[in-house]
2 protein chains.
Amino acid sequence: MSGYFCVMYNKISHADLFDFVHSVFRAIGCPEQDAATATHALVSADLRGIDSHGVARLSGYVRLWEAGRVNAKPHIRIIHETPSTAVVDGDSGLGLVVAPFAMQVAIDKAKLVGTGWVSVQHSNHFGIAAHHAMMALPHAMIGMAMTNASALVAPTFSTERLLGTNPICVAVPAGEQPPFVADLATTTAANGKLEILQRKNQEAPLGWIQDAEGNPTTDAHALRDGGALLPLGGDREHGSHKGYALGAIVDIFSGVLSGANFGPWVPPFPAFVPMPENQPGKGLGHFLGAMRVDAFRPEEAFLKDMDLWISRFRSAATIDGHDRVIIPGDPEREMQAERMIHGVPLLPVVWDDLRKTGEKFGIKF
Amino acid sequence: MSGYFCVMYNKISHADLFDFVHSVFRAIGCPEQDAATATHALVSADLRGIDSHGVARLSGYVRLWEAGRVNAKPHIRIIHETPSTAVVDGDSGLGLVVAPFAMQVAIDKAKLVGTGWVSVQHSNHFGIAAHHAMMALPHAMIGMAMTNASALVAPTFSTERLLGTNPICVAVPAGEQPPFVADLATTTAANGKLEILQRKNQEAPLGWIQDAEGNPTTDAHALRDGGALLPLGGDREHGSHKGYALGAIVDIFSGVLSGANFGPWVPPFPAFVPMPENQPGKGLGHFLGAMRVDAFRPEEAFLKDMDLWISRFRSAATIDGHDRVIIPGDPEREMQAERMIHGVPLLPVVWDDLRKTGEKFGIKF
């Protein structure tokens, strides 16, 4: 029974987790509405099973605020726009607040002219892309979200870290089927997966990372020693130049198009890491999009065909040892259903971190 | 000197190649303007070094016309639109003609409302995505092009071919630097590269293909025996679920959003392959997009930052044995400059194929 108790010990209901995180965001000075928006975004990562991007990062956000890099009371505003586009200045606010604001602008524009596209400057880490892209779904729109991030990834043939893990999310509504939600870092493996191997002192598969000289390595700690994550594809023979190109597209749409920083100049998440010198832009950047389905086809016809797409792929013949073909978004949705009922499991180290973060503000965890 | 003569024998000036291809498209009944548009699109692939998508496919297009699957005199038209979107019905025309029409619609909409997004149904193979996306560049716009294609790729964990190689191209203008042009199939390797190995009877790297049971294989002929191409990433541990998701996004934007076919129902390119049964849509689908740079930032500021992005990445430190970091689009641009001057090399088998195609219409090659 010890295993059972161990699991129970680390679980917390999502409602309790929400209340705690909300109190912390209120304590650093976020207005009520912003604190709720940020909490929804952050806890959605834990509910969907993306533990590396959820409350495990709460203390990191607080440290950014302590370092004066996050503005808890930002004046988020549109600084340029056309009927289908906008640039939003996040005023150094939490990306967890800035990105939903920008996504709402995209949705509002899509209502008027079919699509809306918003590039964001002067923001911070926005959590999981899926949370923002999925805001489009209740409006019968396709949602898109991407963000640049501080440089951990080497372009093909380079020893330098010039790109973040730069995720892309596309969320597509369906009819009777649950929505299609693809949310992917443009690297072979997300940094969170590498961190798990580091904690366990296990080796990483070849193709995830390179060492400081650019040689393939299985040393999960190679990043600490000047190595880099590898773009999706892993090596040139397996298409790493494509992963590099995808990460570059995210960087250009998020950083260059908005007037944020890009490439090696994107601000780091850890508050103790100094800011890069000679930054060309403001903060980090996101890119959000919304496309009204009925700007292309009658909604009903589209949803019917999406149902057919999803059911055909889900029922595809499988390789021996696998019981189904996964539709992007399936694992996260199933995880959320489970955790909404049974609670969110937290590693002891995260539990401790939350407790200490709460103590700073007299909030009990 | 024999090698030298051998190479000379197979070279043709791009002007002669253009004239020949144009005559063939005229001979199957394409109006003058359409024949020119299609020829530009097709020959651009040869000039850029994407030989698998250039004149090597001309006889294939002719056979589709002979089989009644390509309409040489299509009435291409917008069947639905909003200020920033449209659906174009290609009327079964050559994708080489339909896609430029749709891209022009996207550009025209971007002029008016900032961005334009066009999903296309009832089309055929459109050649290389880059040709269409790059139409946006002279207008100081970012161009995007994608297309679905007949199913050769198995989703992660499946033995079935359900997706095409479904390429994505994003073309971004720069100032003094040449533009950034990323054009990538969402598979580990393009089918054209596999065909080269097949001709030479060489093995393929693991991660490119699987056999009929879904096992990794180096047999370059495995596709013929019921195998499949693998999504970018190659296997689950290296992120093949991300390549699968990207291919799926292309399929949904091109096929489901337009009312074209999608997944396993996309029409095959070889005219002798029967059409899939129970097709849900019309022809194959594309998705084209254009974003005016100054719908986000002043054009000059954007171009200056793109120049900085490109020069920073191009001058990045390299791994021993590599002399530079490549900017997406560099190799194709350099190839085009070379071939514009020195001619387009054609394999003897392609040369013969063009000669025979010409003979059908009394056109000398």
# chains A, B, ... in the order shown; residues from 1 in each chain; ligands from 1
>>> closest_atom_pairs(of="chain B", to="chain A", cutoff="6 Å", atoms="only C-alpha atoms", output="Markdown table")
| residue | atom | partner | partner_atom | distance |
| --- | --- | --- | --- | --- |
| B:Thr82 | CA | A:Gly114 | CA | 5.8 |
| B:Pro83 | CA | A:Val113 | CA | 5.2 |
| B:Ser84 | CA | A:Gly114 | CA | 5.7 |
| B:Val87 | CA | A:Phe296 | CA | 5.8 |
| B:Val113 | CA | A:Pro83 | CA | 5.2 |
| B:Gly114 | CA | A:Ser84 | CA | 5.7 |
| B:Phe157 | CA | A:Ile319 | CA | 5.4 |
| B:Ser158 | CA | A:Thr318 | CA | 4.2 |
| B:Thr159 | CA | A:Thr318 | CA | 5.6 |
| B:Thr188 | CA | A:His238 | CA | 5.3 |
| B:Gly214 | CA | A:Ile319 | CA | 5.5 |
| B:Gly233 | CA | A:Gly233 | CA | 4.7 |
| B:His238 | CA | A:Thr188 | CA | 5.3 |
| B:Gly239 | CA | A:Thr188 | CA | 5.3 |
| B:Ala295 | CA | A:Thr82 | CA | 5.9 |
| B:Phe296 | CA | A:Val87 | CA | 5.8 |
| B:Ala317 | CA | A:Ser158 | CA | 5.6 |
| B:Thr318 | CA | A:Ser158 | CA | 4.2 |
| B:Ile319 | CA | A:Ser158 | CA | 5.3 |
| B:Val325 | CA | A:Phe157 | CA | 5.8 |
>>> write_last_selection(atoms="N, CA and C atoms", output="tab-separated table (two decimals), in the first residue's frame")
chain	number	residue	atom	x	y	z
B	82	THR	N	-14.79	36.08	-47.45
B	82	THR	CA	-14.97	37.16	-46.48
B	82	THR	C	-13.85	38.15	-46.81
B	83	PRO	N	-13.77	39.28	-46.09
B	83	PRO	CA	-12.69	40.22	-46.42
B	83	PRO	C	-11.28	39.61	-46.37
B	84	SER	N	-11.03	38.65	-45.47
B	84	SER	CA	-9.66	38.11	-45.37
B	84	SER	C	-9.54	36.66	-45.82
B	87	VAL	N	-12.52	30.65	-50.52
B	87	VAL	CA	-12.35	29.29	-51.01
B	87	VAL	C	-12.39	29.36	-52.52
B	113	VAL	N	-7.02	44.24	-46.29
B	113	VAL	CA	-7.30	44.07	-44.85
B	113	VAL	C	-6.12	43.53	-44.05
B	114	GLY	N	-4.91	43.50	-44.64
B	114	GLY	CA	-3.73	43.11	-43.88
B	114	GLY	C	-3.25	41.70	-44.16
B	157	PHE	N	2.41	4.95	-35.00
B	157	PHE	CA	1.75	3.73	-34.49
B	157	PHE	C	0.84	3.05	-35.51
B	158	SER	N	0.75	3.59	-36.74
B	158	SER	CA	-0.15	2.96	-37.72
B	158	SER	C	0.63	2.28	-38.83
B	159	THR	N	0.02	1.23	-39.41
B	159	THR	CA	0.58	0.59	-40.60
B	159	THR	C	-0.02	1.16	-41.88
B	188	THR	N	10.31	12.75	-42.75
B	188	THR	CA	11.75	12.74	-42.52
B	188	THR	C	12.49	13.07	-43.81
B	214	GLY	N	4.93	-2.17	-40.21
B	214	GLY	CA	5.24	-1.02	-39.38
B	214	GLY	C	6.60	-1.10	-38.72
B	233	GLY	N	10.68	13.28	-37.77
B	233	GLY	CA	10.92	12.74	-36.43
B	233	GLY	C	11.33	11.28	-36.54
B	238	HIS	N	11.79	10.13	-31.22
B	238	HIS	CA	12.39	11.30	-31.84
B	238	HIS	C	11.35	12.27	-32.39
B	239	GLY	N	10.11	12.13	-31.92
B	239	GLY	CA	9.10	13.15	-32.23
B	239	GLY	C	8.29	12.91	-33.49
B	295	ALA	N	1.29	45.47	-42.05
B	295	ALA	CA	0.08	45.30	-41.24
B	295	ALA	C	0.47	45.05	-39.78
B	296	PHE	N	1.76	44.84	-39.54
B	296	PHE	CA	2.25	44.61	-38.19
B	296	PHE	C	3.23	45.72	-37.75
B	317	ALA	N	28.56	30.19	-35.14
B	317	ALA	CA	29.69	29.24	-35.06
B	317	ALA	C	29.25	27.88	-35.58
B	318	THR	N	30.13	27.23	-36.35
B	318	THR	CA	29.76	25.97	-36.98
B	318	THR	C	30.44	24.77	-36.32
B	319	ILE	N	29.84	23.63	-36.50
B	319	ILE	CA	30.43	22.36	-36.09
B	319	ILE	C	31.59	22.05	-37.04
B	325	VAL	N	26.34	28.00	-41.41
B	325	VAL	CA	24.97	27.66	-41.05
B	325	VAL	C	24.08	28.17	-42.17
>>> select_by_dssp(residues="stretch 2-184 of chain B", states="helix (DSSP H, G or I)", output="mmCIF file with C-alpha atoms, in the first residue's frame")
data_model
loop_
_atom_site.group_PDB
_atom_site.id
_atom_site.type_symbol
_atom_site.label_atom_id
_atom_site.label_comp_id
_atom_site.auth_asym_id
_atom_site.auth_seq_id
_atom_site.Cartn_x
_atom_site.Cartn_y
_atom_site.Cartn_z
ATOM 1 C CA SER B 2 34.258 11.943 -70.613
ATOM 2 C CA GLY B 3 32.568 13.082 -67.411
ATOM 3 C CA TYR B 4 32.508 16.590 -68.756
ATOM 4 C CA PHE B 5 30.817 15.582 -71.976
ATOM 5 C CA CYS B 6 28.355 13.432 -70.115
ATOM 6 C CA VAL B 7 27.230 16.412 -68.051
ATOM 7 C CA MET B 8 27.022 18.694 -71.078
ATOM 8 C CA TYR B 9 24.889 16.211 -72.942
ATOM 9 C CA HIS B 14 16.201 27.265 -68.942
ATOM 10 C CA ALA B 15 14.879 29.303 -71.889
ATOM 11 C CA ASP B 16 14.753 26.226 -74.136
ATOM 12 C CA LEU B 17 13.225 24.181 -71.339
ATOM 13 C CA PHE B 18 10.629 26.882 -70.790
ATOM 14 C CA ASP B 19 9.710 27.005 -74.478
ATOM 15 C CA PHE B 20 9.333 23.247 -74.690
ATOM 16 C CA VAL B 21 7.177 22.900 -71.564
ATOM 17 C CA HIS B 22 5.070 25.859 -72.645
ATOM 18 C CA SER B 23 4.436 24.225 -76.028
ATOM 19 C CA VAL B 24 3.319 21.008 -74.334
ATOM 20 C CA PHE B 25 0.880 22.822 -72.055
ATOM 21 C CA ARG B 26 -0.432 24.725 -75.096
ATOM 22 C CA ALA B 27 -0.777 21.416 -76.945
ATOM 23 C CA GLU B 32 -1.743 31.025 -73.490
ATOM 24 C CA GLN B 33 -1.706 32.700 -70.074
ATOM 25 C CA ASP B 34 -2.350 29.479 -68.166
ATOM 26 C CA ALA B 35 0.365 27.652 -70.111
ATOM 27 C CA ALA B 36 2.845 30.376 -69.188
ATOM 28 C CA THR B 37 1.799 30.293 -65.514
ATOM 29 C CA ALA B 38 2.079 26.500 -65.352
ATOM 30 C CA THR B 39 5.456 26.524 -67.121
ATOM 31 C CA HIS B 40 6.884 29.127 -64.741
ATOM 32 C CA ALA B 41 5.753 27.044 -61.766
ATOM 33 C CA LEU B 42 7.086 23.762 -63.129
ATOM 34 C CA VAL B 43 10.453 25.016 -64.395
ATOM 35 C CA SER B 44 11.011 26.947 -61.131
ATOM 36 C CA ALA B 45 11.376 23.548 -59.442
ATOM 37 C CA ASP B 46 14.173 22.526 -61.850
ATOM 38 C CA LEU B 47 15.886 25.883 -61.450
ATOM 39 C CA ASP B 51 14.285 18.011 -59.664
ATOM 40 C CA SER B 52 11.659 15.577 -58.408
ATOM 41 C CA HIS B 53 8.970 18.262 -58.775
ATOM 42 C CA VAL B 55 9.880 18.681 -65.713
ATOM 43 C CA ALA B 56 10.422 15.091 -64.553
ATOM 44 C CA ARG B 57 6.711 15.246 -63.790
ATOM 45 C CA LEU B 58 5.568 16.802 -67.070
ATOM 46 C CA SER B 59 4.589 13.470 -68.615
ATOM 47 C CA GLY B 60 2.646 12.695 -65.440
ATOM 48 C CA TYR B 61 0.583 15.873 -65.799
ATOM 49 C CA VAL B 62 -0.059 15.001 -69.466
ATOM 50 C CA ARG B 63 -1.227 11.512 -68.500
ATOM 51 C CA LEU B 64 -3.613 13.019 -65.921
ATOM 52 C CA TRP B 65 -5.004 15.184 -68.732
ATOM 53 C CA GLU B 66 -5.312 12.121 -71.005
ATOM 54 C CA GLY B 95 -2.473 22.883 -59.592
ATOM 55 C CA LEU B 96 0.334 24.778 -61.324
ATOM 56 C CA VAL B 97 -2.340 27.215 -62.555
ATOM 57 C CA VAL B 98 -4.863 27.017 -59.717
ATOM 58 C CA ALA B 99 -2.411 27.752 -56.890
ATOM 59 C CA PRO B 100 -1.035 30.989 -58.416
ATOM 60 C CA PHE B 101 -4.642 32.153 -58.962
ATOM 61 C CA ALA B 102 -5.429 31.462 -55.303
ATOM 62 C CA MET B 103 -2.200 33.075 -54.097
ATOM 63 C CA GLN B 104 -3.084 36.215 -56.061
ATOM 64 C CA VAL B 105 -6.456 36.281 -54.287
ATOM 65 C CA ALA B 106 -4.635 36.029 -50.941
ATOM 66 C CA ILE B 107 -2.298 38.886 -51.915
ATOM 67 C CA ASP B 108 -5.188 41.080 -53.074
ATOM 68 C CA LYS B 109 -7.013 40.514 -49.791
ATOM 69 C CA ALA B 110 -3.858 41.255 -47.793
ATOM 70 C CA LYS B 111 -3.589 44.591 -49.609
ATOM 71 C CA LEU B 112 -7.069 45.499 -48.396
ATOM 72 C CA VAL B 113 -7.298 44.075 -44.849
ATOM 73 C CA ALA B 129 5.151 25.167 -52.578
ATOM 74 C CA ALA B 130 7.938 27.762 -52.631
ATOM 75 C CA HIS B 131 6.994 29.037 -56.078
ATOM 76 C CA HIS B 132 3.548 30.069 -54.835
ATOM 77 C CA ALA B 133 4.579 31.364 -51.400
ATOM 78 C CA MET B 134 7.324 33.504 -52.975
ATOM 79 C CA MET B 135 4.723 35.385 -55.044
ATOM 80 C CA ALA B 136 4.138 37.405 -51.851
ATOM 81 C CA LEU B 137 7.737 38.653 -51.579
ATOM 82 C CA PRO B 138 7.693 41.497 -54.153
ATOM 83 C CA HIS B 139 4.655 42.900 -52.315
#
>>> select_by_dssp(residues="stretch 104-341 of chain B", states="strand (DSSP E or B)", output="number ranges by chain")
B: 115-123, 141-147, 153, 158, 163, 168-172, 180-184, 187, 209-210, 216-217, 228-229, 231, 284-292, 318
